[in-house]
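J.: My structure file structure-v2.pdb, PDB, C-alpha atoms, pLDDT in the B column, is below:
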ATOM      1  CA  GLY V   1      28.912  47.009 114.314  1.00 67.00           C
ATOM      2  CA  GLN V   2      27.345  44.034 115.983  1.00 77.00           C
ATOM      3  CA  ASN V   3      24.989  44.047 118.950  1.00 89.00           C
ATOM      4  CA  ILE V   4      23.889  40.683 120.317  1.00 93.00           C
ATOM      5  CA  ASP V   5      21.881  40.679 123.534  1.00 95.00           C
ATOM      6  CA  GLN V   6      20.846  37.877 125.825  1.00 96.00           C
ATOM      7  CA  PRO V   7      20.006  37.751 129.546  1.00 96.00           C
ATOM      8  CA  THR V   8      22.967  37.353 131.860  1.00 95.00           C
ATOM      9  CA  GLU V   9      21.472  34.748 134.165  1.00 96.00           C
ATOM     10  CA  MET V  10      18.475  32.443 134.434  1.00 97.00           C
ATOM     11  CA  THR V  11      17.434  29.815 136.939  1.00 97.00           C
ATOM     12  CA  ALA V  12      14.985  26.918 136.662  1.00 97.00           C
ATOM     13  CA  THR V  13      14.175  23.646 138.386  1.00 97.00           C
ATOM     14  CA  GLU V  14      14.729  20.099 137.224  1.00 97.00           C
ATOM     15  CA  GLY V  15      12.053  18.884 134.830  1.00 97.00           C
ATOM     16  CA  ALA V  16      10.935  22.385 133.921  1.00 97.00           C
ATOM     17  CA  ILE V  17      11.053  24.204 130.578  1.00 97.00           C
ATOM     18  CA  VAL V  18      13.175  27.319 130.061  1.00 98.00           C
ATOM     19  CA  GLN V  19      13.399  29.737 127.134  1.00 98.00           C
ATOM     20  CA  ILE V  20      16.574  31.760 126.576  1.00 98.00           C
ATOM     21  CA  ASN V  21      16.087  34.755 124.296  1.00 98.00           C
ATOM     22  CA  CYS V  22      18.591  36.431 122.005  1.00 98.00           C
ATOM     23  CA  THR V  23      18.157  39.617 120.004  1.00 97.00           C
ATOM     24  CA  TYR V  24      20.623  40.834 117.447  1.00 95.00           C
ATOM     25  CA  GLN V  25      21.392  43.882 115.347  1.00 92.00           C
ATOM     26  CA  THR V  26      24.190  43.157 112.929  1.00 86.00           C
ATOM     27  CA  SER V  27      25.478  44.578 109.671  1.00 83.00           C
ATOM     28  CA  GLY V  28      24.650  41.501 107.656  1.00 84.00           C
ATOM     29  CA  PHE V  29      23.202  38.178 108.707  1.00 87.00           C
ATOM     30  CA  ASN V  30      23.554  34.629 107.436  1.00 86.00           C
ATOM     31  CA  GLY V  31      22.527  32.472 110.364  1.00 92.00           C
ATOM     32  CA  LEU V  32      22.403  32.080 114.130  1.00 94.00           C
ATOM     33  CA  PHE V  33      24.046  29.483 116.341  1.00 95.00           C
ATOM     34  CA  TRP V  34      23.425  28.353 119.862  1.00 96.00           C
ATOM     35  CA  TYR V  35      26.344  26.867 121.780  1.00 95.00           C
ATOM     36  CA  GLN V  36      26.494  25.342 125.249  1.00 95.00           C
ATOM     37  CA  GLN V  37      29.563  26.013 127.368  1.00 92.00           C
ATOM     38  CA  HIS V  38      30.260  24.376 130.722  1.00 92.00           C
ATOM     39  CA  ALA V  39      32.632  26.220 133.033  1.00 87.00           C
ATOM     40  CA  GLY V  40      36.238  25.929 131.901  1.00 81.00           C
ATOM     41  CA  GLU V  41      35.337  24.012 128.748  1.00 84.00           C
ATOM     42  CA  ALA V  42      34.989  24.802 125.056  1.00 83.00           C
ATOM     43  CA  PRO V  43      31.635  25.709 123.522  1.00 88.00           C
ATOM     44  CA  THR V  44      29.737  22.777 122.024  1.00 90.00           C
ATOM     45  CA  PHE V  45      27.328  23.110 119.131  1.00 90.00           C
ATOM     46  CA  LEU V  46      23.593  22.923 119.874  1.00 94.00           C
ATOM     47  CA  SER V  47      21.764  24.346 116.863  1.00 94.00           C
ATOM     48  CA  TYR V  48      21.980  26.470 113.753  1.00 92.00           C
ATOM     49  CA  ASN V  49      19.082  28.441 112.227  1.00 95.00           C
ATOM     50  CA  VAL V  50      19.137  30.111 108.832  1.00 92.00           C
ATOM     51  CA  LEU V  51      15.443  30.251 107.951  1.00 94.00           C
ATOM     52  CA  ASP V  52      12.568  31.517 110.047  1.00 96.00           C
ATOM     53  CA  GLY V  53      10.895  28.946 112.237  1.00 96.00           C
ATOM     54  CA  LEU V  54      11.468  26.328 114.851  1.00 96.00           C
ATOM     55  CA  GLU V  55      14.135  23.611 114.682  1.00 93.00           C
ATOM     56  CA  GLU V  56      13.637  20.768 117.137  1.00 93.00           C
ATOM     57  CA  LYS V  57      16.387  18.433 118.270  1.00 89.00           C
ATOM     58  CA  GLY V  58      15.491  16.228 121.182  1.00 93.00           C
ATOM     59  CA  ARG V  59      15.038  18.233 124.377  1.00 96.00           C
ATOM     60  CA  PHE V  60      16.398  21.373 122.714  1.00 96.00           C
ATOM     61  CA  SER V  61      14.640  23.562 120.149  1.00 97.00           C
ATOM     62  CA  SER V  62      15.721  26.804 118.557  1.00 97.00           C
ATOM     63  CA  PHE V  63      13.584  29.472 116.912  1.00 98.00           C
ATOM     64  CA  LEU V  64      14.531  32.282 114.557  1.00 97.00           C
ATOM     65  CA  SER V  65      12.720  35.346 113.253  1.00 97.00           C
ATOM     66  CA  ARG V  66      14.958  37.172 110.793  1.00 95.00           C
ATOM     67  CA  SER V  67      12.570  40.102 110.391  1.00 94.00           C
ATOM     68  CA  LYS V  68      12.543  40.711 114.143  1.00 95.00           C
ATOM     69  CA  GLY V  69      16.225  39.981 114.757  1.00 95.00           C
ATOM     70  CA  TYR V  70      15.186  37.491 117.402  1.00 96.00           C
ATOM     71  CA  SER V  71      15.930  33.931 118.401  1.00 98.00           C
ATOM     72  CA  TYR V  72      15.274  31.711 121.376  1.00 98.00           C
ATOM     73  CA  LEU V  73      16.584  28.425 122.672  1.00 98.00           C
ATOM     74  CA  LEU V  74      14.004  26.226 124.385  1.00 98.00           C
ATOM     75  CA  LEU V  75      15.179  23.563 126.798  1.00 97.00           C
ATOM     76  CA  LYS V  76      12.642  20.963 127.958  1.00 97.00           C
ATOM     77  CA  GLU V  77      12.760  18.426 130.780  1.00 97.00           C
ATOM     78  CA  LEU V  78      15.658  20.230 132.368  1.00 97.00           C
ATOM     79  CA  GLN V  79      18.401  18.190 133.987  1.00 97.00           C
ATOM     80  CA  MET V  80      21.108  19.222 136.416  1.00 96.00           C
ATOM     81  CA  LYS V  81      23.722  18.717 133.697  1.00 96.00           C
ATOM     82  CA  ASP V  82      22.040  21.477 131.664  1.00 97.00           C
ATOM     83  CA  SER V  83      23.521  24.026 134.078  1.00 97.00           C
ATOM     84  CA  ALA V  84      25.898  25.899 131.776  1.00 97.00           C
ATOM     85  CA  SER V  85      26.358  29.092 129.817  1.00 95.00           C
ATOM     86  CA  TYR V  86      24.361  29.290 126.582  1.00 97.00           C
ATOM     87  CA  LEU V  87      25.915  31.420 123.871  1.00 95.00           C
ATOM     88  CA  CYS V  88      24.034  32.968 120.998  1.00 96.00           C
ATOM     89  CA  ALA V  89      26.253  33.662 117.972  1.00 95.00           C
ATOM     90  CA  VAL V  90      25.580  35.271 114.614  1.00 93.00           C
ATOM     91  CA  THR V  91      27.397  34.520 111.407  1.00 88.00           C
ATOM     92  CA  LYS V  92      27.323  37.087 108.640  1.00 82.00           C
ATOM     93  CA  SER V  93      28.691  34.989 105.826  1.00 74.00           C
ATOM     94  CA  THR V  94      29.280  31.408 104.823  1.00 61.00           C
ATOM     95  CA  LEU V  95      32.915  31.801 105.870  1.00 63.00           C
ATOM     96  CA  GLY V  96      31.605  31.179 109.365  1.00 64.00           C
ATOM     97  CA  ARG V  97      33.072  34.028 111.413  1.00 78.00           C
ATOM     98  CA  LEU V  98      31.043  34.046 114.613  1.00 86.00           C
ATOM     99  CA  TYR V  99      29.987  37.082 116.641  1.00 89.00           C
ATOM    100  CA  PHE V 100      28.981  35.957 120.107  1.00 91.00           C
ATOM    101  CA  GLY V 101      26.665  37.336 122.730  1.00 93.00           C
ATOM    102  CA  ARG V 102      27.934  37.410 126.314  1.00 91.00           C
ATOM    103  CA  GLY V 103      26.131  34.194 127.164  1.00 94.00           C
ATOM    104  CA  THR V 104      23.293  33.302 129.532  1.00 96.00           C
ATOM    105  CA  GLN V 105      24.326  31.424 132.656  1.00 96.00           C
ATOM    106  CA  LEU V 106      21.600  28.870 133.374  1.00 98.00           C
ATOM    107  CA  THR V 107      21.423  27.246 136.798  1.00 97.00           C
ATOM    108  CA  VAL V 108      19.176  24.219 137.216  1.00 97.00           C
ATOM    109  CA  TRP V 109      18.085  23.492 140.793  1.00 95.00           C
ATOM    110  CA  PRO V 110      16.906  20.102 142.064  1.00 93.00           C
TER
ATOM    111  CA  ASP N   1      38.231  10.331 116.466  1.00 63.00           C
ATOM    112  CA  ALA N   2      38.634  13.463 114.408  1.00 61.00           C
ATOM    113  CA  MET N   3      39.099  16.399 116.684  1.00 91.00           C
ATOM    114  CA  VAL N   4      40.592  19.780 117.546  1.00 93.00           C
ATOM    115  CA  ILE N   5      43.459  19.601 120.041  1.00 94.00           C
ATOM    116  CA  GLN N   6      44.935  22.458 122.017  1.00 95.00           C
ATOM    117  CA  ASN N   7      48.165  22.344 123.959  1.00 89.00           C
ATOM    118  CA  PRO N   8      48.794  23.077 126.673  1.00 91.00           C
ATOM    119  CA  ARG N   9      45.435  23.169 128.463  1.00 92.00           C
ATOM    120  CA  TYR N  10      46.868  25.506 131.090  1.00 95.00           C
ATOM    121  CA  GLN N  11      49.734  27.926 130.517  1.00 96.00           C
ATOM    122  CA  VAL N  12      51.365  30.230 133.038  1.00 96.00           C
ATOM    123  CA  THR N  13      53.710  32.945 131.843  1.00 95.00           C
ATOM    124  CA  GLN N  14      55.318  36.041 133.248  1.00 96.00           C
ATOM    125  CA  PHE N  15      54.487  39.589 132.345  1.00 96.00           C
ATOM    126  CA  GLY N  16      56.306  40.401 129.111  1.00 96.00           C
ATOM    127  CA  LYS N  17      57.580  36.860 128.464  1.00 97.00           C
ATOM    128  CA  PRO N  18      56.609  35.581 125.008  1.00 96.00           C
ATOM    129  CA  VAL N  19      54.296  32.600 124.917  1.00 96.00           C
ATOM    130  CA  THR N  20      53.009  30.320 122.152  1.00 97.00           C
ATOM    131  CA  LEU N  21      49.751  28.389 122.212  1.00 97.00           C
ATOM    132  CA  SER N  22      49.214  25.457 119.886  1.00 97.00           C
ATOM    133  CA  CYS N  23      46.214  24.084 118.016  1.00 97.00           C
ATOM    134  CA  SER N  24      46.049  21.030 115.802  1.00 97.00           C
ATOM    135  CA  GLN N  25      43.189  19.372 113.964  1.00 96.00           C
ATOM    136  CA  THR N  26      42.525  16.043 112.332  1.00 94.00           C
ATOM    137  CA  LEU N  27      39.375  17.231 110.556  1.00 91.00           C
ATOM    138  CA  ASN N  28      41.227  18.499 107.473  1.00 92.00           C
ATOM    139  CA  HIS N  29      39.302  21.763 107.685  1.00 93.00           C
ATOM    140  CA  ASN N  30      40.606  24.646 105.642  1.00 93.00           C
ATOM    141  CA  VAL N  31      39.577  27.395 108.071  1.00 94.00           C
ATOM    142  CA  MET N  32      41.086  27.846 111.539  1.00 95.00           C
ATOM    143  CA  TYR N  33      40.074  30.509 114.064  1.00 95.00           C
ATOM    144  CA  TRP N  34      41.513  31.888 117.289  1.00 96.00           C
ATOM    145  CA  TYR N  35      39.170  33.371 119.888  1.00 95.00           C
ATOM    146  CA  GLN N  36      39.936  35.088 123.180  1.00 96.00           C
ATOM    147  CA  GLN N  37      37.426  34.625 125.984  1.00 92.00           C
ATOM    148  CA  LYS N  38      37.847  36.566 129.205  1.00 92.00           C
ATOM    149  CA  SER N  39      36.001  35.602 132.354  1.00 86.00           C
ATOM    150  CA  SER N  40      32.210  35.938 132.006  1.00 82.00           C
ATOM    151  CA  GLN N  41      32.567  37.452 128.543  1.00 86.00           C
ATOM    152  CA  ALA N  42      31.749  36.281 125.041  1.00 87.00           C
ATOM    153  CA  PRO N  43      34.460  34.698 122.895  1.00 90.00           C
ATOM    154  CA  LYS N  44      36.046  37.370 120.723  1.00 92.00           C
ATOM    155  CA  LEU N  45      37.530  36.533 117.343  1.00 91.00           C
ATOM    156  CA  LEU N  46      41.205  37.517 117.082  1.00 95.00           C
ATOM    157  CA  PHE N  47      41.983  36.259 113.575  1.00 92.00           C
ATOM    158  CA  HIS N  48      41.422  33.376 111.234  1.00 93.00           C
ATOM    159  CA  TYR N  49      43.142  31.547 108.418  1.00 94.00           C
ATOM    160  CA  TYR N  50      41.420  30.456 105.249  1.00 92.00           C
ATOM    161  CA  ASP N  51      44.011  27.969 104.002  1.00 93.00           C
ATOM    162  CA  LYS N  52      47.181  30.078 104.208  1.00 93.00           C
ATOM    163  CA  ASP N  53      45.393  33.414 103.908  1.00 93.00           C
ATOM    164  CA  PHE N  54      45.601  35.290 107.190  1.00 93.00           C
ATOM    165  CA  ASN N  55      42.686  37.526 108.217  1.00 91.00           C
ATOM    166  CA  ASN N  56      43.210  39.801 111.185  1.00 92.00           C
ATOM    167  CA  GLU N  57      40.326  41.436 113.050  1.00 90.00           C
ATOM    168  CA  ALA N  58      40.654  45.214 113.045  1.00 88.00           C
ATOM    169  CA  ASP N  59      40.786  45.492 116.836  1.00 90.00           C
ATOM    170  CA  THR N  60      43.240  42.660 117.501  1.00 95.00           C
ATOM    171  CA  PRO N  61      46.327  44.123 119.202  1.00 94.00           C
ATOM    172  CA  ASP N  62      49.679  43.872 117.405  1.00 94.00           C
ATOM    173  CA  ASN N  63      50.908  41.904 120.403  1.00 95.00           C
ATOM    174  CA  PHE N  64      49.017  38.904 119.024  1.00 97.00           C
ATOM    175  CA  GLN N  65      50.423  37.053 116.038  1.00 96.00           C
ATOM    176  CA  SER N  66      49.599  33.754 114.392  1.00 96.00           C
ATOM    177  CA  ARG N  67      51.271  31.147 112.216  1.00 96.00           C
ATOM    178  CA  ARG N  68      49.824  28.304 110.218  1.00 96.00           C
ATOM    179  CA  PRO N  69      52.666  26.183 108.863  1.00 96.00           C
ATOM    180  CA  ASN N  70      50.344  23.532 107.399  1.00 94.00           C
ATOM    181  CA  THR N  71      46.671  22.551 107.267  1.00 94.00           C
ATOM    182  CA  SER N  72      46.772  20.732 110.589  1.00 95.00           C
ATOM    183  CA  PHE N  73      48.538  23.215 112.844  1.00 96.00           C
ATOM    184  CA  CYS N  74      47.961  26.793 113.899  1.00 97.00           C
ATOM    185  CA  PHE N  75      49.840  28.765 116.565  1.00 97.00           C
ATOM    186  CA  LEU N  76      48.974  31.839 118.579  1.00 97.00           C
ATOM    187  CA  ASP N  77      52.000  33.904 119.625  1.00 97.00           C
ATOM    188  CA  ILE N  78      51.700  36.568 122.296  1.00 97.00           C
ATOM    189  CA  ARG N  79      54.854  38.613 122.035  1.00 96.00           C
ATOM    190  CA  SER N  80      54.708  40.497 125.334  1.00 96.00           C
ATOM    191  CA  PRO N  81      51.834  39.273 127.486  1.00 97.00           C
ATOM    192  CA  GLY N  82      50.216  41.770 129.778  1.00 96.00           C
ATOM    193  CA  LEU N  83      47.993  41.100 132.774  1.00 95.00           C
ATOM    194  CA  GLY N  84      44.999  41.934 130.598  1.00 95.00           C
ATOM    195  CA  ASP N  85      45.806  39.056 128.253  1.00 97.00           C
ATOM    196  CA  ALA N  86      44.912  36.454 130.865  1.00 97.00           C
ATOM    197  CA  ALA N  87      42.021  34.570 129.311  1.00 96.00           C
ATOM    198  CA  MET N  88      40.854  31.321 127.778  1.00 94.00           C
ATOM    199  CA  TYR N  89      42.080  31.015 124.194  1.00 96.00           C
ATOM    200  CA  LEU N  90      39.867  28.915 121.968  1.00 95.00           C
ATOM    201  CA  CYS N  91      40.845  27.420 118.643  1.00 96.00           C
ATOM    202  CA  ALA N  92      38.096  26.445 116.214  1.00 95.00           C
ATOM    203  CA  THR N  93      38.020  24.929 112.751  1.00 94.00           C
ATOM    204  CA  GLY N  94      35.554  24.925 109.903  1.00 91.00           C
ATOM    205  CA  ARG N  95      35.074  24.458 106.187  1.00 89.00           C
ATOM    206  CA  LYS N  96      34.578  27.265 103.732  1.00 82.00           C
ATOM    207  CA  ASP N  97      30.886  27.636 102.852  1.00 78.00           C
ATOM    208  CA  GLU N  98      29.851  25.610 105.900  1.00 80.00           C
ATOM    209  CA  PRO N  99      28.906  27.675 108.924  1.00 78.00           C
ATOM    210  CA  GLU N 100      29.528  25.245 111.785  1.00 83.00           C
ATOM    211  CA  GLN N 101      32.721  25.654 113.780  1.00 88.00           C
ATOM    212  CA  PHE N 102      34.319  22.931 115.865  1.00 90.00           C
ATOM    213  CA  PHE N 103      36.036  24.118 119.025  1.00 92.00           C
ATOM    214  CA  GLY N 104      39.040  22.752 120.841  1.00 93.00           C
ATOM    215  CA  PRO N 105      39.048  22.490 124.655  1.00 90.00           C
ATOM    216  CA  GLY N 106      40.860  25.804 125.029  1.00 93.00           C
ATOM    217  CA  THR N 107      44.069  26.935 126.719  1.00 95.00           C
ATOM    218  CA  ARG N 108      43.693  28.938 129.898  1.00 95.00           C
ATOM    219  CA  LEU N 109      46.483  31.506 130.076  1.00 96.00           C
ATOM    220  CA  THR N 110      47.599  33.027 133.378  1.00 96.00           C
ATOM    221  CA  VAL N 111      49.960  36.007 133.375  1.00 96.00           C
ATOM    222  CA  LEU N 112      51.924  36.642 136.576  1.00 95.00           C
TER
END
Go through the file and emit its structure as structure tokens.

T.:
Amino acid sequence: GQNIDQPTEMTATEGAIVQINCTYQTSGFNGLFWYQQHAGEAPTFLSYNVLDGLEEKGRFSSFLSRSKGYSYLLLKELQMKDSASYLCAVTKSTLGRLYFGRGTQLTVWP
Amino acid sequence: DAMVIQNPRYQVTQFGKPVTLSCSQTLNHNVMYWYQQKSSQAPKLLFHYYDKDFNNEADTPDNFQSRRPNTSFCFLDIRSPGLGDAAMYLCATGRKDEPEQFFGPGTRLTVL
């Protein structure tokens, strides 16, 4: 089976930095995605990690440790528009079937 | 622009009345996925097509069926919707051997 855990809710203020953690225990692992989902909308792709280490993309960075079954998404210089649900998802093969966590609802306050 | 399109965006049906949700793509991707996402829950994979090969998830109820008449279109049929089937239904596409999936805007289904 698959077990993907992330915090349910987080809050932060504009301009701050926030780190959203994700731990996973899955029967097989190929890579880990982070998606952003605004209320009532489809998930949009943020990052994909296959190898250990940090991937930086503008204000967003994602880290993966395969040996620890752990990832985090780092958001810098938070803006109000970053208020959304952030979904961690594991893929077990190159076919791309995704197994999602429940999502972390981030609220950014002015 | 190449994209994934879902119609309708909002669908209301009655308990037990069959309903069909539509997904089309201009990306020419060979894999298409259907996910169910209930309120405040993670998207859950129902099934996917690799070309014309249908792959059902073990825990997908028989009430849910799918058709893919060609590369561009994929349909989700709910034969007898129950109140518990009210959810957002997300269609996604991808290429074999490439992990990224591209999501449509979703269809929010209400069952009365």

J.: Report as a list in words the residues that result from applying the PyMOL selection byres ((chain V and resi 10) around 6) to the structure here.

T.: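 Written out, the selection comes to Glu9, Thr11 and Leu106 of chain V.
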
J.: For this file, the PyMOL selection byres ((chain N and resi 14) around 6) selects which residues, as a PyMOL selection string?

T.: chain N and resi 13+15+17+111-112

J.: Once the PyMOL selection byres ((chain N and resi 88) around 10) has been evaluated on this model, what residues remain selected, and can you format them as a list in words?

T.: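 The output of the PyMOL selection byres ((chain N and resi 88) around 10) on this file is Gly40, Glu41 and Ala42 of chain V; Arg9, Tyr10, Gln11, Tyr35, Gln36, Gln37, Lys38, Ser39, Pro43, Asp85, Ala86, Ala87, Tyr89, Leu90, Cys91, Pro105, Gly106, Thr107, Arg108, Leu109 and Thr110 of chain N.
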
J.: Within 7 Å of V:Ser62, counting all atoms listed in the file, which residues qualify if same-chain residues fewer than 3 places away don't, as a list in words?

T.: Ser47, Leu54, Glu55, Glu56, Tyr72, Leu73 and Leu74 of chain V

J.: Within 7 Å of chain V, which residues of chain N are there when counting only C-alpha atoms? Please give them as a ChimeraX atom specification.

T.: /N:41-43,96-100,103-106

J.: Give me the residues near stretch 57-60 of chain N as a list in words, where near means some atom within 8 Å (using all atoms listed in the file) and where sequence neighbours in that chain fewer than 3 positions away do not count.

T.: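 With the cut-off at 8 Å, the set is Leu45, Leu46, Phe47 and Phe64 of chain N.
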
J.: To one decimal place in Å, what is the distance between atom CA of N:Tyr49 and atom CA of N:Arg95?

T.: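 Taking atom CA of N:Tyr49 and atom CA of N:Arg95, their separation equals 11.0 Å.
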
J.: One number please: atom CA of V:Gly28 to atom CA of V:Asn3, in Å, one decimal.

T.: 11.6 Å

J.: Report as a list in words all protein, DNA and RNA residues lying within 12 Å of V:Thr107, evaluated on all atoms listed in the file, omitting residues in the same chain fewer than 4 positions from it.

T.: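 The filter keeps Thr8, Glu9, Met10, Thr11, Ala12, Thr13, Glu14, Ala16, Val18, His38, Ala39, Leu78, Gln79, Met80, Lys81, Asp82, Ser83, Ala84, Ser85 and Tyr86 of chain V.
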
J.: Only C-alpha atoms, please: the residues just picked out, written as a PDB file, in the coordinates of the input.

T.:
ATOM      1  CA  THR V   8      22.967  37.353 131.860  1.00 95.00           C
ATOM      2  CA  GLU V   9      21.472  34.748 134.165  1.00 96.00           C
ATOM      3  CA  MET V  10      18.475  32.443 134.434  1.00 97.00           C
ATOM      4  CA  THR V  11      17.434  29.815 136.939  1.00 97.00           C
ATOM      5  CA  ALA V  12      14.985  26.918 136.662  1.00 97.00           C
ATOM      6  CA  THR V  13      14.175  23.646 138.386  1.00 97.00           C
ATOM      7  CA  GLU V  14      14.729  20.099 137.224  1.00 97.00           C
ATOM      8  CA  ALA V  16      10.935  22.385 133.921  1.00 97.00           C
ATOM      9  CA  VAL V  18      13.175  27.319 130.061  1.00 98.00           C
ATOM     10  CA  HIS V  38      30.260  24.376 130.722  1.00 92.00           C
ATOM     11  CA  ALA V  39      32.632  26.220 133.033  1.00 87.00           C
ATOM     12  CA  LEU V  78      15.658  20.230 132.368  1.00 97.00           C
ATOM     13  CA  GLN V  79      18.401  18.190 133.987  1.00 97.00           C
ATOM     14  CA  MET V  80      21.108  19.222 136.416  1.00 96.00           C
ATOM     15  CA  LYS V  81      23.722  18.717 133.697  1.00 96.00           C
ATOM     16  CA  ASP V  82      22.040  21.477 131.664  1.00 97.00           C
ATOM     17  CA  SER V  83      23.521  24.026 134.078  1.00 97.00           C
ATOM     18  CA  ALA V  84      25.898  25.899 131.776  1.00 97.00           C
ATOM     19  CA  SER V  85      26.358  29.092 129.817  1.00 95.00           C
ATOM     20  CA  TYR V  86      24.361  29.290 126.582  1.00 97.00           C
TER      21      TYR V  86
END

J.: Hey, what's within 9 Å of N:Arg79 if we count only C-alpha atoms and toss same-chain stuff fewer than 6 positions away? As a compact mmCIF listing (two decimals) with C-alpha atoms, in the coordinates of the input, please?

T.:
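Written output follows (part01.txt):
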# COMPACT_ATOMS: atom_id res chain seq x y z
CA GLY N 16 56.31 40.40 129.11
CA LYS N 17 57.58 36.86 128.46
CA PRO N 18 56.61 35.58 125.01
CA VAL N 19 54.30 32.60 124.92
CA THR N 20 53.01 30.32 122.15
CA ASP N 62 49.68 43.87 117.40
CA ASN N 63 50.91 41.90 120.40
CA PHE N 64 49.02 38.90 119.02
CA GLN N 65 50.42 37.05 116.04

J.: Hey, can you check how far atom CA of V:Asn49 sits from atom CA of N:Ser40?

T.: 24.9 Å
